[in-house]
Amino acid sequence: MKKFNLQSIVRDNIKKLKPYQAKEIPCRIKMDANESPFSVRLSEVIKEIDIPLNRYPDPEAMKLRKSISKRFKINLNNIMIGNGSDELIYYLILTFGGPVLYPIPTFAMYGIIAQSVGVQTLESKLDKNFDINEKEFIDLIKTKKPSLIFLSTPNNPTGNTFSSEKILKIIEIAYKRASIVVIDEAYHPFCSEKGFLPFLRDFDNLLILRTLSKIGFAGLRIGYLIGHEKILNEISKVRLPYNVDSLTQCIATYALDNFYSNIKRFIKEIVKEREILQRELSKLKGIKVYPSEANFILFKAKNSKEIYQKLMKSGILIRDMSANIKDALRVTVGTKEENAEFIKTLKNILEGYR
């Protein structure tokens, strides 16, 4: 029997694409995926769910949008709900095409989704302080005229915020070149800065991307896009009908309305533990720690790959970032007990190199 030639019909841009790796590695202490370390059980959030599952979900996610509107003081018509931020990034690129511009290293899905859709990507390396290389970035806007610009601040995996002055300058120049700027504020809840929501009234080409994933609800996959109604109307043309299921809408709405005091307590605890973890890491010889405004910390160490493996053998899973940043590792802030055990284990590993 003649073999089916699958590769003959796979698009060339997909052949070159490497899938995003989201492997589940069993471990005692999970500190690799920038999730909240505080367990949230369904029964803790909502006692009873009364949803007719024979009916399709609300295609406009009206109750959830109203909750977000009320909680964060955003106009209802300026909110779009997605099945995680990834889906909204996909819709943005599908709607506006390319080129798509972003700094590197940053959230991998900007590039992966752009490539999967078949649009050009433009990458600009961050400077030595992990801030935007202003001249190079602006030159790319002026010469390549990107349709979309993605800026994640605080940035993943570096943990820092980009210069507000540089971002505002980029938005202004992008406005003149008819480019849309998407500020990804996935880690904003842990940040000491105010964020860019106030600037929506000043710039028609600005969008803000946020998520519930980092604050305790990664399992729900809820992202939301904030921007001018005329832009969201265009994106709605490619949005899949019923893209967020009824159960997710119900639980997320209830969490925002009735569980938010707990969420704020979790965030406060994570920020407190981040400062302690950062201080303890800084005490270790051979470790270079980078300041963070997110729920994770980037640090460098010689033998980073070996350290990663030894930590994993000890039951502690962090993220090896050395493919993107030389000798770099990223640890998600855990509970007080998890952080203490991580530091103790890492210290023992490092002492073995002396």
# chains A, B, ... in the order shown; residues from 1 in each chain; ligands from 1

$ select_by_dssp --residues "segment 56-105 of chain A" --states "alpha helix (DSSP H)" --output "list in words"
Met62, Lys63, Leu64, Arg65, Lys66, Ser67, Ile68, Ser69, Lys70, Arg71, Phe72, Gly84, Ser85, Asp86, Glu87, Leu88, Ile89, Tyr90, Tyr91, Leu92, Ile93, Leu94, Thr95 and Phe96 of chain A

$ closest_atom_pairs --of "segment 200-311 of chain A" --to "segment 328-342 of chain A" --cutoff "12 Å" --atoms "only C-alpha atoms" --output "tab-separated table"
residue	atom	partner	partner_atom	distance
A:Lys214	CA	A:Thr332	CA	10.6
A:Phe266	CA	A:Thr335	CA	9.9
A:Ile267	CA	A:Val333	CA	10.8
A:Lys268	CA	A:Thr335	CA	11.9
A:Glu269	CA	A:Thr335	CA	8.4
A:Ile270	CA	A:Val333	CA	6.5
A:Val271	CA	A:Val333	CA	8.5
A:Lys272	CA	A:Lys336	CA	9.5
A:Glu273	CA	A:Lys336	CA	6.5
A:Arg274	CA	A:Val333	CA	5.8
A:Glu275	CA	A:Val333	CA	9.5
A:Ile276	CA	A:Asn339	CA	8.8
A:Leu277	CA	A:Asn339	CA	6.6
A:Gln278	CA	A:Val333	CA	9.5
A:Arg279	CA	A:Asn339	CA	11.6
A:Glu280	CA	A:Ala340	CA	9.0
A:Leu281	CA	A:Phe342	CA	9.9
A:Ile287	CA	A:Ala328	CA	9.9
A:Lys288	CA	A:Ala328	CA	9.2
A:Val289	CA	A:Ala328	CA	9.7
A:Tyr290	CA	A:Arg330	CA	10.1
A:Pro291	CA	A:Arg330	CA	12.0
A:Ser292	CA	A:Val333	CA	10.7
A:Glu293	CA	A:Val333	CA	11.5
A:Ala294	CA	A:Val333	CA	9.1
A:Asn295	CA	A:Val333	CA	5.6
A:Phe296	CA	A:Thr332	CA	4.0
A:Ile297	CA	A:Val331	CA	5.4
A:Leu298	CA	A:Arg330	CA	4.5
A:Phe299	CA	A:Leu329	CA	5.5
A:Lys300	CA	A:Ala328	CA	4.4
A:Ala301	CA	A:Ala328	CA	6.6
A:Lys302	CA	A:Ala328	CA	8.7
A:Asn303	CA	A:Ala328	CA	9.7
A:Ser304	CA	A:Ala328	CA	6.6
A:Lys305	CA	A:Leu329	CA	8.4
A:Glu306	CA	A:Leu329	CA	11.0
A:Ile307	CA	A:Leu329	CA	9.1
A:Tyr308	CA	A:Leu329	CA	7.6
A:Gln309	CA	A:Leu329	CA	11.3
A:Lys310	CA	A:Phe342	CA	11.5
A:Leu311	CA	A:Phe342	CA	8.1

$ write_last_selection --atoms "N, CA and C atoms" --output "tab-separated table (two decimals), in the first residue's frame"
chain	number	residue	atom	x	y	z
A	214	LYS	N	-2.53	33.72	36.43
A	214	LYS	CA	-1.42	33.89	37.37
A	214	LYS	C	-1.88	34.12	38.81
A	266	PHE	N	-3.69	36.13	48.43
A	266	PHE	CA	-2.68	35.29	47.76
A	266	PHE	C	-1.62	36.15	47.09
A	267	ILE	N	-2.07	37.19	46.39
A	267	ILE	CA	-1.14	38.08	45.67
A	267	ILE	C	-0.18	38.75	46.65
A	268	LYS	N	-0.73	39.24	47.76
A	268	LYS	CA	0.09	39.90	48.78
A	268	LYS	C	1.14	38.95	49.34
A	269	GLU	N	0.74	37.71	49.57
A	269	GLU	CA	1.66	36.71	50.12
A	269	GLU	C	2.75	36.36	49.11
A	270	ILE	N	2.38	36.26	47.84
A	270	ILE	CA	3.36	35.94	46.79
A	270	ILE	C	4.39	37.06	46.67
A	271	VAL	N	3.94	38.31	46.71
A	271	VAL	CA	4.86	39.45	46.63
A	271	VAL	C	5.81	39.45	47.83
A	272	LYS	N	5.27	39.18	49.01
A	272	LYS	CA	6.09	39.11	50.22
A	272	LYS	C	7.13	38.00	50.09
A	273	GLU	N	6.71	36.83	49.65
A	273	GLU	CA	7.63	35.70	49.50
A	273	GLU	C	8.64	35.93	48.38
A	274	ARG	N	8.24	36.65	47.36
A	274	ARG	CA	9.18	36.98	46.26
A	274	ARG	C	10.36	37.78	46.80
A	275	GLU	N	10.07	38.75	47.66
A	275	GLU	CA	11.14	39.58	48.21
A	275	GLU	C	12.08	38.75	49.08
A	276	ILE	N	11.51	37.85	49.87
A	276	ILE	CA	12.33	36.98	50.72
A	276	ILE	C	13.17	36.05	49.86
A	277	LEU	N	12.54	35.44	48.86
A	277	LEU	CA	13.23	34.50	47.97
A	277	LEU	C	14.35	35.20	47.21
A	278	GLN	N	14.09	36.41	46.76
A	278	GLN	CA	15.10	37.18	46.04
A	278	GLN	C	16.29	37.49	46.95
A	279	ARG	N	15.99	37.85	48.20
A	279	ARG	CA	17.04	38.16	49.16
A	279	ARG	C	17.88	36.92	49.49
A	280	GLU	N	17.23	35.77	49.67
A	280	GLU	CA	17.95	34.54	49.99
A	280	GLU	C	18.79	34.05	48.81
A	281	LEU	N	18.27	34.19	47.61
A	281	LEU	CA	19.04	33.82	46.42
A	281	LEU	C	20.29	34.69	46.29
A	287	ILE	N	25.57	32.86	42.31
A	287	ILE	CA	24.23	33.14	41.77
A	287	ILE	C	24.10	34.63	41.48
A	288	LYS	N	23.62	34.95	40.28
A	288	LYS	CA	23.30	36.34	39.94
A	288	LYS	C	21.78	36.44	39.81
A	289	VAL	N	21.18	37.28	40.63
A	289	VAL	CA	19.72	37.40	40.69
A	289	VAL	C	19.28	38.69	40.01
A	290	TYR	N	18.21	38.60	39.25
A	290	TYR	CA	17.66	39.77	38.57
A	290	TYR	C	16.38	40.22	39.27
A	291	PRO	N	16.22	41.53	39.45
A	291	PRO	CA	15.03	42.04	40.14
A	291	PRO	C	13.75	41.67	39.40
A	292	SER	N	12.71	41.38	40.15
A	292	SER	CA	11.46	40.93	39.54
A	292	SER	C	10.27	41.70	40.06
A	293	GLU	N	9.33	41.97	39.15
A	293	GLU	CA	8.03	42.56	39.50
A	293	GLU	C	6.92	41.56	39.18
A	294	ALA	N	7.30	40.30	38.97
A	294	ALA	CA	6.33	39.26	38.60
A	294	ALA	C	6.23	38.24	39.74
A	295	ASN	N	5.68	37.07	39.45
A	295	ASN	CA	5.58	36.02	40.48
A	295	ASN	C	6.64	34.96	40.28
A	296	PHE	N	7.75	35.35	39.67
A	296	PHE	CA	8.88	34.46	39.44
A	296	PHE	C	10.17	35.28	39.50
A	297	ILE	N	11.28	34.59	39.58
A	297	ILE	CA	12.59	35.25	39.63
A	297	ILE	C	13.53	34.58	38.64
A	298	LEU	N	14.22	35.38	37.86
A	298	LEU	CA	15.24	34.89	36.94
A	298	LEU	C	16.60	35.01	37.63
A	299	PHE	N	17.39	33.96	37.53
A	299	PHE	CA	18.75	34.03	38.07
A	299	PHE	C	19.70	33.23	37.19
A	300	LYS	N	20.98	33.59	37.28
A	300	LYS	CA	22.01	32.91	36.50
A	300	LYS	C	22.95	32.15	37.42
A	301	ALA	N	23.45	31.04	36.90
A	301	ALA	CA	24.42	30.24	37.65
A	301	ALA	C	25.24	29.41	36.66
A	302	LYS	N	26.53	29.27	36.96
A	302	LYS	CA	27.33	28.34	36.16
A	302	LYS	C	26.78	26.94	36.40
A	303	ASN	N	26.94	26.10	35.40
A	303	ASN	CA	26.40	24.73	35.49
A	303	ASN	C	24.88	24.74	35.65
A	304	SER	N	24.22	25.72	35.01
A	304	SER	CA	22.77	25.88	35.19
A	304	SER	C	21.99	24.62	34.80
A	305	LYS	N	22.39	23.98	33.72
A	305	LYS	CA	21.67	22.78	33.28
A	305	LYS	C	21.81	21.65	34.30
A	306	GLU	N	23.00	21.53	34.86
A	306	GLU	CA	23.24	20.50	35.86
A	306	GLU	C	22.48	20.81	37.15
A	307	ILE	N	22.45	22.08	37.53
A	307	ILE	CA	21.69	22.50	38.71
A	307	ILE	C	20.21	22.19	38.53
A	308	TYR	N	19.70	22.48	37.33
A	308	TYR	CA	18.30	22.20	37.00
A	308	TYR	C	18.01	20.70	37.19
A	309	GLN	N	18.89	19.86	36.67
A	309	GLN	CA	18.70	18.41	36.76
A	309	GLN	C	18.77	17.92	38.20
A	310	LYS	N	19.71	18.47	38.97
A	310	LYS	CA	19.86	18.06	40.37
A	310	LYS	C	18.66	18.49	41.22
A	311	LEU	N	18.15	19.68	40.94
A	311	LEU	CA	16.94	20.12	41.63
A	311	LEU	C	15.77	19.19	41.31
